[in-house]
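Dropping entry_29.cif in here (mmCIF, C-alpha atoms; chains and numbers go by the auth columns):
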data_input
#
loop_
_atom_site.group_PDB
_atom_site.id
_atom_site.type_symbol
_atom_site.label_atom_id
_atom_site.label_comp_id
_atom_site.label_asym_id
_atom_site.label_seq_id
_atom_site.Cartn_x
_atom_site.Cartn_y
_atom_site.Cartn_z
_atom_site.B_iso_or_equiv
_atom_site.auth_seq_id
_atom_site.auth_asym_id
ATOM 1 C CA GLU A 1 10.505 28.673 0.914 0.00 192 A
ATOM 2 C CA LEU A 2 7.194 29.950 2.306 0.00 193 A
ATOM 3 C CA ARG A 3 5.678 30.252 -1.173 0.00 194 A
ATOM 4 C CA ALA A 4 6.849 26.725 -2.046 0.00 195 A
ATOM 5 C CA ARG A 5 5.274 25.304 1.134 0.00 196 A
ATOM 6 C CA TYR A 6 2.027 27.191 0.402 0.00 197 A
ATOM 7 C CA ALA A 7 1.947 25.782 -3.153 0.00 198 A
ATOM 8 C CA GLN A 8 2.557 22.287 -1.759 0.00 199 A
ATOM 9 C CA ILE A 9 -0.361 22.626 0.671 0.00 200 A
ATOM 10 C CA VAL A 10 -2.738 23.930 -1.998 0.00 201 A
ATOM 11 C CA ALA A 11 -1.720 21.113 -4.366 0.00 202 A
ATOM 12 C CA SER A 12 -2.567 18.530 -1.693 0.00 203 A
ATOM 13 C CA LEU A 13 -6.183 19.677 -1.433 0.00 204 A
ATOM 14 C CA GLY A 14 -9.030 18.020 -3.247 0.00 205 A
ATOM 15 C CA PRO A 15 -12.092 19.828 -4.588 0.00 206 A
ATOM 16 C CA ARG A 16 -14.151 18.875 -1.494 0.00 207 A
ATOM 17 C CA GLU A 17 -13.616 19.197 2.260 0.00 208 A
ATOM 18 C CA TYR A 18 -15.041 16.715 4.728 0.00 209 A
ATOM 19 C CA ARG A 19 -16.232 17.180 8.286 0.00 210 A
ATOM 20 C CA LEU A 20 -15.823 13.916 10.179 0.00 211 A
ATOM 21 C CA SER A 21 -16.365 12.651 13.702 0.00 212 A
ATOM 22 C CA LEU A 22 -14.281 9.794 15.085 0.00 213 A
ATOM 23 C CA ILE A 23 -14.503 7.090 17.702 0.00 214 A
ATOM 24 C CA GLN A 24 -11.144 5.346 18.066 0.00 215 A
ATOM 25 C CA THR A 25 -10.501 2.440 20.416 0.00 216 A
ATOM 26 C CA ALA A 26 -7.548 0.247 21.256 0.00 217 A
ATOM 27 C CA ASP A 27 -9.211 -3.011 20.218 0.00 218 A
ATOM 28 C CA ARG A 28 -12.146 -4.523 18.354 0.00 219 A
ATOM 29 C CA ALA A 29 -14.045 -5.451 21.544 0.00 220 A
ATOM 30 C CA ALA A 30 -14.072 -1.839 22.774 0.00 221 A
ATOM 31 C CA LEU A 31 -15.255 -0.680 19.364 0.00 222 A
ATOM 32 C CA ALA A 32 -18.054 -3.265 19.431 0.00 223 A
ATOM 33 C CA THR A 33 -19.200 -1.776 22.752 0.00 224 A
ATOM 34 C CA ALA A 34 -19.318 1.674 21.140 0.00 225 A
ATOM 35 C CA GLN A 35 -21.219 0.282 18.141 0.00 226 A
ATOM 36 C CA GLN A 36 -23.801 -1.284 20.449 0.00 227 A
ATOM 37 C CA ALA A 37 -24.319 2.068 22.175 0.00 228 A
ATOM 38 C CA LEU A 38 -24.940 3.703 18.783 0.00 229 A
ATOM 39 C CA LEU A 39 -27.382 0.952 17.838 0.00 230 A
ATOM 40 C CA ARG A 40 -29.268 1.624 21.099 0.00 231 A
ATOM 41 C CA GLY A 41 -29.747 5.198 19.866 0.00 232 A
ATOM 42 C CA GLU A 42 -27.110 7.000 21.905 0.00 233 A
ATOM 43 C CA GLU A 43 -25.748 10.145 20.275 0.00 234 A
ATOM 44 C CA PHE A 44 -22.445 9.758 18.428 0.00 235 A
ATOM 45 C CA ALA A 45 -20.887 12.618 20.437 0.00 236 A
ATOM 46 C CA GLN A 46 -21.877 11.009 23.727 0.00 237 A
ATOM 47 C CA VAL A 47 -20.455 7.634 22.663 0.00 238 A
ATOM 48 C CA ALA A 48 -17.237 9.292 21.475 0.00 239 A
ATOM 49 C CA ARG A 49 -16.781 11.046 24.816 0.00 240 A
ATOM 50 C CA ALA A 50 -17.344 7.782 26.678 0.00 241 A
ATOM 51 C CA HIS A 51 -15.380 5.341 24.507 0.00 242 A
ATOM 52 C CA SER A 52 -12.928 7.096 22.177 0.00 243 A
ATOM 53 C CA LEU A 53 -9.223 7.295 22.949 0.00 244 A
ATOM 54 C CA ALA A 54 -8.637 9.975 20.300 0.00 245 A
ATOM 55 C CA PRO A 55 -7.930 13.566 21.405 0.00 246 A
ATOM 56 C CA SER A 56 -11.137 14.585 19.611 0.00 247 A
ATOM 57 C CA ALA A 57 -13.190 12.647 22.208 0.00 248 A
ATOM 58 C CA ARG A 58 -13.509 15.845 24.273 0.00 249 A
ATOM 59 C CA ARG A 59 -15.307 17.430 21.316 0.00 250 A
ATOM 60 C CA GLY A 60 -17.628 14.478 20.858 0.00 251 A
ATOM 61 C CA GLY A 61 -15.285 13.016 18.237 0.00 252 A
ATOM 62 C CA GLU A 62 -15.570 16.035 15.950 0.00 253 A
ATOM 63 C CA LEU A 63 -12.524 16.623 13.740 0.00 254 A
ATOM 64 C CA ASP A 64 -11.510 19.724 11.804 0.00 255 A
ATOM 65 C CA TRP A 65 -12.447 20.086 8.151 0.00 256 A
ATOM 66 C CA VAL A 66 -10.071 18.090 5.949 0.00 257 A
ATOM 67 C CA SER A 67 -9.538 17.849 2.211 0.00 258 A
ATOM 68 C CA PHE A 68 -7.806 15.204 0.121 0.00 259 A
ATOM 69 C CA ARG A 69 -7.941 14.062 -3.461 0.00 260 A
ATOM 70 C CA LEU A 70 -9.982 11.037 -4.483 0.00 261 A
ATOM 71 C CA PRO A 71 -9.286 8.257 -4.959 0.00 262 A
ATOM 72 C CA ALA A 72 -7.411 8.411 -1.676 0.00 263 A
ATOM 73 C CA ARG A 73 -3.741 7.431 -1.933 0.00 264 A
ATOM 74 C CA GLU A 74 -1.364 6.516 0.882 0.00 265 A
ATOM 75 C CA GLY A 75 0.563 9.584 2.031 0.00 266 A
ATOM 76 C CA HIS A 76 -1.798 12.005 0.268 0.00 267 A
ATOM 77 C CA THR A 77 -4.697 12.285 2.725 0.00 268 A
ATOM 78 C CA ASN A 78 -3.560 15.270 4.818 0.00 269 A
ATOM 79 C CA GLY A 79 -3.128 13.210 7.966 0.00 270 A
ATOM 80 C CA VAL A 80 -6.250 11.080 7.654 0.00 271 A
ATOM 81 C CA PRO A 81 -5.413 7.368 7.888 0.00 272 A
ATOM 82 C CA ILE A 82 -5.776 5.842 4.425 0.00 273 A
ATOM 83 C CA ARG A 83 -8.397 3.322 5.538 0.00 274 A
ATOM 84 C CA ILE A 84 -10.565 6.116 6.925 0.00 275 A
ATOM 85 C CA ALA A 85 -10.131 8.231 3.782 0.00 276 A
ATOM 86 C CA ARG A 86 -11.167 5.297 1.613 0.00 277 A
ATOM 87 C CA ALA A 87 -14.203 4.623 3.802 0.00 278 A
ATOM 88 C CA VAL A 88 -15.283 8.279 3.631 0.00 279 A
ATOM 89 C CA ALA A 89 -15.026 8.230 -0.170 0.00 280 A
ATOM 90 C CA ALA A 90 -17.788 5.601 -0.237 0.00 281 A
ATOM 91 C CA MET A 91 -20.041 7.314 2.329 0.00 282 A
ATOM 92 C CA LYS A 92 -22.729 9.975 2.243 0.00 283 A
ATOM 93 C CA PRO A 93 -23.150 12.728 4.842 0.00 284 A
ATOM 94 C CA GLY A 94 -24.859 11.408 7.964 0.00 285 A
ATOM 95 C CA GLU A 95 -23.566 7.851 7.592 0.00 286 A
ATOM 96 C CA VAL A 96 -21.463 6.010 10.157 0.00 287 A
ATOM 97 C CA SER A 97 -18.829 3.629 8.843 0.00 288 A
ATOM 98 C CA ALA A 98 -18.466 -0.036 9.618 0.00 289 A
ATOM 99 C CA ALA A 99 -15.564 -0.919 11.922 0.00 290 A
ATOM 100 C CA ILE A 100 -12.253 0.213 10.425 0.00 291 A
ATOM 101 C CA ASP A 101 -9.072 -1.655 11.336 0.00 292 A
ATOM 102 C CA LEU A 102 -6.260 0.893 11.600 0.00 293 A
ATOM 103 C CA GLY A 103 -3.620 -1.694 12.430 0.00 294 A
ATOM 104 C CA ASP A 104 -2.872 -0.481 15.944 0.00 295 A
ATOM 105 C CA ALA A 105 -6.425 0.705 16.714 0.00 296 A
ATOM 106 C CA TRP A 106 -10.044 0.441 15.567 0.00 297 A
ATOM 107 C CA ALA A 107 -12.334 3.244 14.442 0.00 298 A
ATOM 108 C CA LEU A 108 -15.829 4.321 13.562 0.00 299 A
ATOM 109 C CA VAL A 109 -16.230 7.454 11.473 0.00 300 A
ATOM 110 C CA ARG A 110 -19.311 9.552 10.988 0.00 301 A
ATOM 111 C CA PHE A 111 -19.370 11.605 7.795 0.00 302 A
ATOM 112 C CA ASP A 112 -20.923 14.822 9.099 0.00 303 A
ATOM 113 C CA ALA A 113 -20.786 17.187 6.110 0.00 304 A
ATOM 114 C CA GLU A 114 -18.963 18.186 2.971 0.00 305 A
ATOM 115 C CA ARG A 115 -18.404 21.454 1.164 0.00 306 A
ATOM 116 C CA ALA A 116 -16.303 22.931 -1.601 0.00 307 A
ATOM 117 C CA THR A 117 -12.701 23.257 -0.458 0.00 308 A
ATOM 118 C CA VAL A 118 -11.874 26.633 1.007 0.00 309 A
ATOM 119 C CA VAL A 119 -8.346 27.514 -0.113 0.00 310 A
ATOM 120 C CA PRO A 120 -6.788 30.018 2.281 0.00 311 A
ATOM 121 C CA ARG A 121 -5.022 32.985 0.729 0.00 312 A
ATOM 122 C CA TYR A 122 -1.258 33.093 1.088 0.00 313 A
ATOM 123 C CA ASN A 123 -1.288 36.221 3.278 0.00 314 A
ATOM 124 C CA GLU A 124 -3.799 34.589 5.647 0.00 315 A
ATOM 125 C CA ILE A 125 -1.582 31.613 6.430 0.00 316 A
ATOM 126 C CA LYS A 126 1.857 33.170 5.952 0.00 317 A
ATOM 127 C CA PRO A 127 2.377 33.651 9.750 0.00 318 A
ATOM 128 C CA ASP A 128 1.446 29.995 10.388 0.00 319 A
ATOM 129 C CA LEU A 129 3.819 28.861 7.635 0.00 320 A
ATOM 130 C CA GLN A 130 6.612 30.974 9.121 0.00 321 A
ATOM 131 C CA ARG A 131 6.074 29.441 12.580 0.00 322 A
ATOM 132 C CA ALA A 132 5.959 25.903 11.173 0.00 323 A
ATOM 133 C CA LEU A 133 9.137 26.361 9.115 0.00 324 A
ATOM 134 C CA ALA A 134 10.935 27.981 12.079 0.00 325 A
ATOM 135 C CA ALA A 135 9.909 25.068 14.324 0.00 326 A
ATOM 136 C CA LYS A 136 11.165 22.576 11.732 0.00 327 A
ATOM 137 C CA ALA A 137 14.478 24.435 11.409 0.00 328 A
ATOM 138 C CA LEU A 138 14.895 24.375 15.199 0.00 329 A
ATOM 139 C CA GLU A 139 14.053 20.671 15.318 0.00 330 A
ATOM 140 C CA ASP A 140 16.567 19.926 12.534 0.00 331 A
ATOM 141 C CA ALA A 141 19.290 21.986 14.223 0.00 332 A
ATOM 142 C CA THR A 142 18.657 20.295 17.565 0.00 333 A
ATOM 143 C CA ARG A 143 18.817 16.845 15.981 0.00 334 A
ATOM 144 C CA ASP A 144 22.083 17.743 14.212 0.00 335 A
ATOM 145 C CA LEU A 145 23.583 19.035 17.474 0.00 336 A
ATOM 146 C CA VAL A 146 22.609 15.902 19.378 0.00 337 A
ATOM 147 C CA VAL A 147 24.086 13.675 16.660 0.00 338 A
ATOM 148 C CA THR A 148 27.313 15.689 16.698 0.00 339 A
ATOM 149 C CA LEU A 149 27.536 15.504 20.493 0.00 340 A
ATOM 150 C CA PHE A 150 26.936 11.762 20.511 0.00 341 A
ATOM 151 C CA LYS A 151 29.587 11.174 17.847 0.00 342 A
ATOM 152 C CA GLY A 152 32.178 12.895 20.021 0.00 343 A
ATOM 153 C CA ALA A 153 30.991 11.489 23.327 0.00 344 A
ATOM 154 C CA ARG A 154 32.991 9.074 25.389 0.00 345 A
ATOM 155 C CA ILE A 155 30.905 7.132 27.862 0.00 346 A
ATOM 156 C CA THR A 156 32.452 5.499 30.906 0.00 347 A
ATOM 157 C CA VAL A 157 30.700 3.488 33.572 0.00 348 A
ATOM 158 C CA HIS A 158 31.859 3.736 37.192 0.00 349 A
ATOM 159 C CA GLU A 159 30.690 1.188 39.703 0.00 350 A
#
Since I need it in another form, could you write the structure as structure tokens?
Amino acid sequence: ELRARYAQIVASLGPREYRLSLIQTADRAALATAQQALLRGEEFAQVARAHSLAPSARRGGELDWVSFRLPAREGHTNGVPIRIARAVAAMKPGEVSAAIDLGDAWALVRFDAERATVVPRYNEIKPDLQRALAAKALEDATRDLVVTLFKGARITVHE
């Protein structure tokens, strides 16, 4: 099972990895405020810390390296929203995207760098794979237990 998960991860990688920074806001107006700050010459990291709602805001919007195959396809972007992945595919390092509508949020992405994909060796990530599969097994078992308990439950209301 570990080897199969490792093969699945490696197959999901593209030939290039991308380093991105993100500013994500709840609405278009908040994103416009962030864009204006960038146009005034404020540093992307500073604007991300001040305006972004994403967890990466603490790091100035900086995300971890990510790899996906191009052209980007829904469900095959290793967690990157498809609209962001498609925007990155058309960008060069150093560029900041136009406003990206994510449906429930808005984003600006800076394409910081790219490099050849670094494929981790199986033995390097085996402990992480074991932890992830154990966590999934626990989650599945917990869900099954809760479903079983609910099926046999009898709920009464006392006033």
Quick one: distance from atom CA of A:Tyr313 to atom CA of A:Ala198 in Å, one decimal?
->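 Between atom CA of A:Tyr313 and atom CA of A:Ala198 the gap works out to 9.0 Å.
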Within 10 Å of stretch 244-256 of chain A using only C-alpha atoms, minus same-chain residues under 4 positions, as an NGL selection string = :A and (207-217 or 234-240 or 296 or 298-301 or 303-306 or 308-309)
Could you pull the residues within 10 Å of A:Pro262, counting only C-alpha atoms, minus those fewer than 4 positions along the same chain, as a list in words?
-> Gly205, His267, Thr268, Ala276, Arg277 and Ala280 of chain A
Atom CA of A:Leu293 to atom CA of A:Ala281, distance in Å rounded to a single decimal = 17.2 Å
Which value, in Å to one decimal, gives the distance between atom CA of A:Ile316 and atom CA of A:Gly266?
-> 22.6 Å
Nearby residues (all atoms listed in the file) at most 12 Å from A:Trp297, same-chain spacing under 4 positions excluded, as a list in words = Leu213, Ile214, Gln215, Thr216, Ala217, Asp218, Arg219, Ala220, Ala221, Leu222, Ala223, Thr224, Ala225, Gln226, His242, Ser243, Leu244, Ala245, Pro272, Arg274, Ile275, Ser288, Ala289, Ala290, Ile291, Asp292 and Leu293 of chain A
Find the residues near A:Lys283: any atom within 8 Å, counting all atoms listed in the file, skip ones fewer than 3 places away on the same chain, and give them as a PyMOL selection string.
-> chain A and resi 279+286+302
Please write the residues from the selection above to a file, keeping C-alpha atoms, as a compact mmCIF listing (two decimals), in the frame of the given file.
# COMPACT_ATOMS: atom_id res chain seq x y z
CA VAL A 279 -15.28 8.28 3.63
CA GLU A 286 -23.57 7.85 7.59
CA PHE A 302 -19.37 11.60 7.80
Write out as a VMD selection string the residues lying within 10 Å of A:Tyr197, counting all atoms listed in the file and excluding same-chain residues fewer than 2 positions away.
-> chain A and resid 192 to 195 199 to 202 311 to 313 316 to 317 320
Counting only C-alpha atoms, the option among A:Val287, A:Arg322, A:Leu204, A:Arg334 closest to A:Gly270 = A:Leu204
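Each of A:Ile346, A:Leu329, A:Ala228, A:Ala307 was checked against A:Phe259 using all atoms listed in the file; the smallest atom-to-atom distance is that of A:Ala307.
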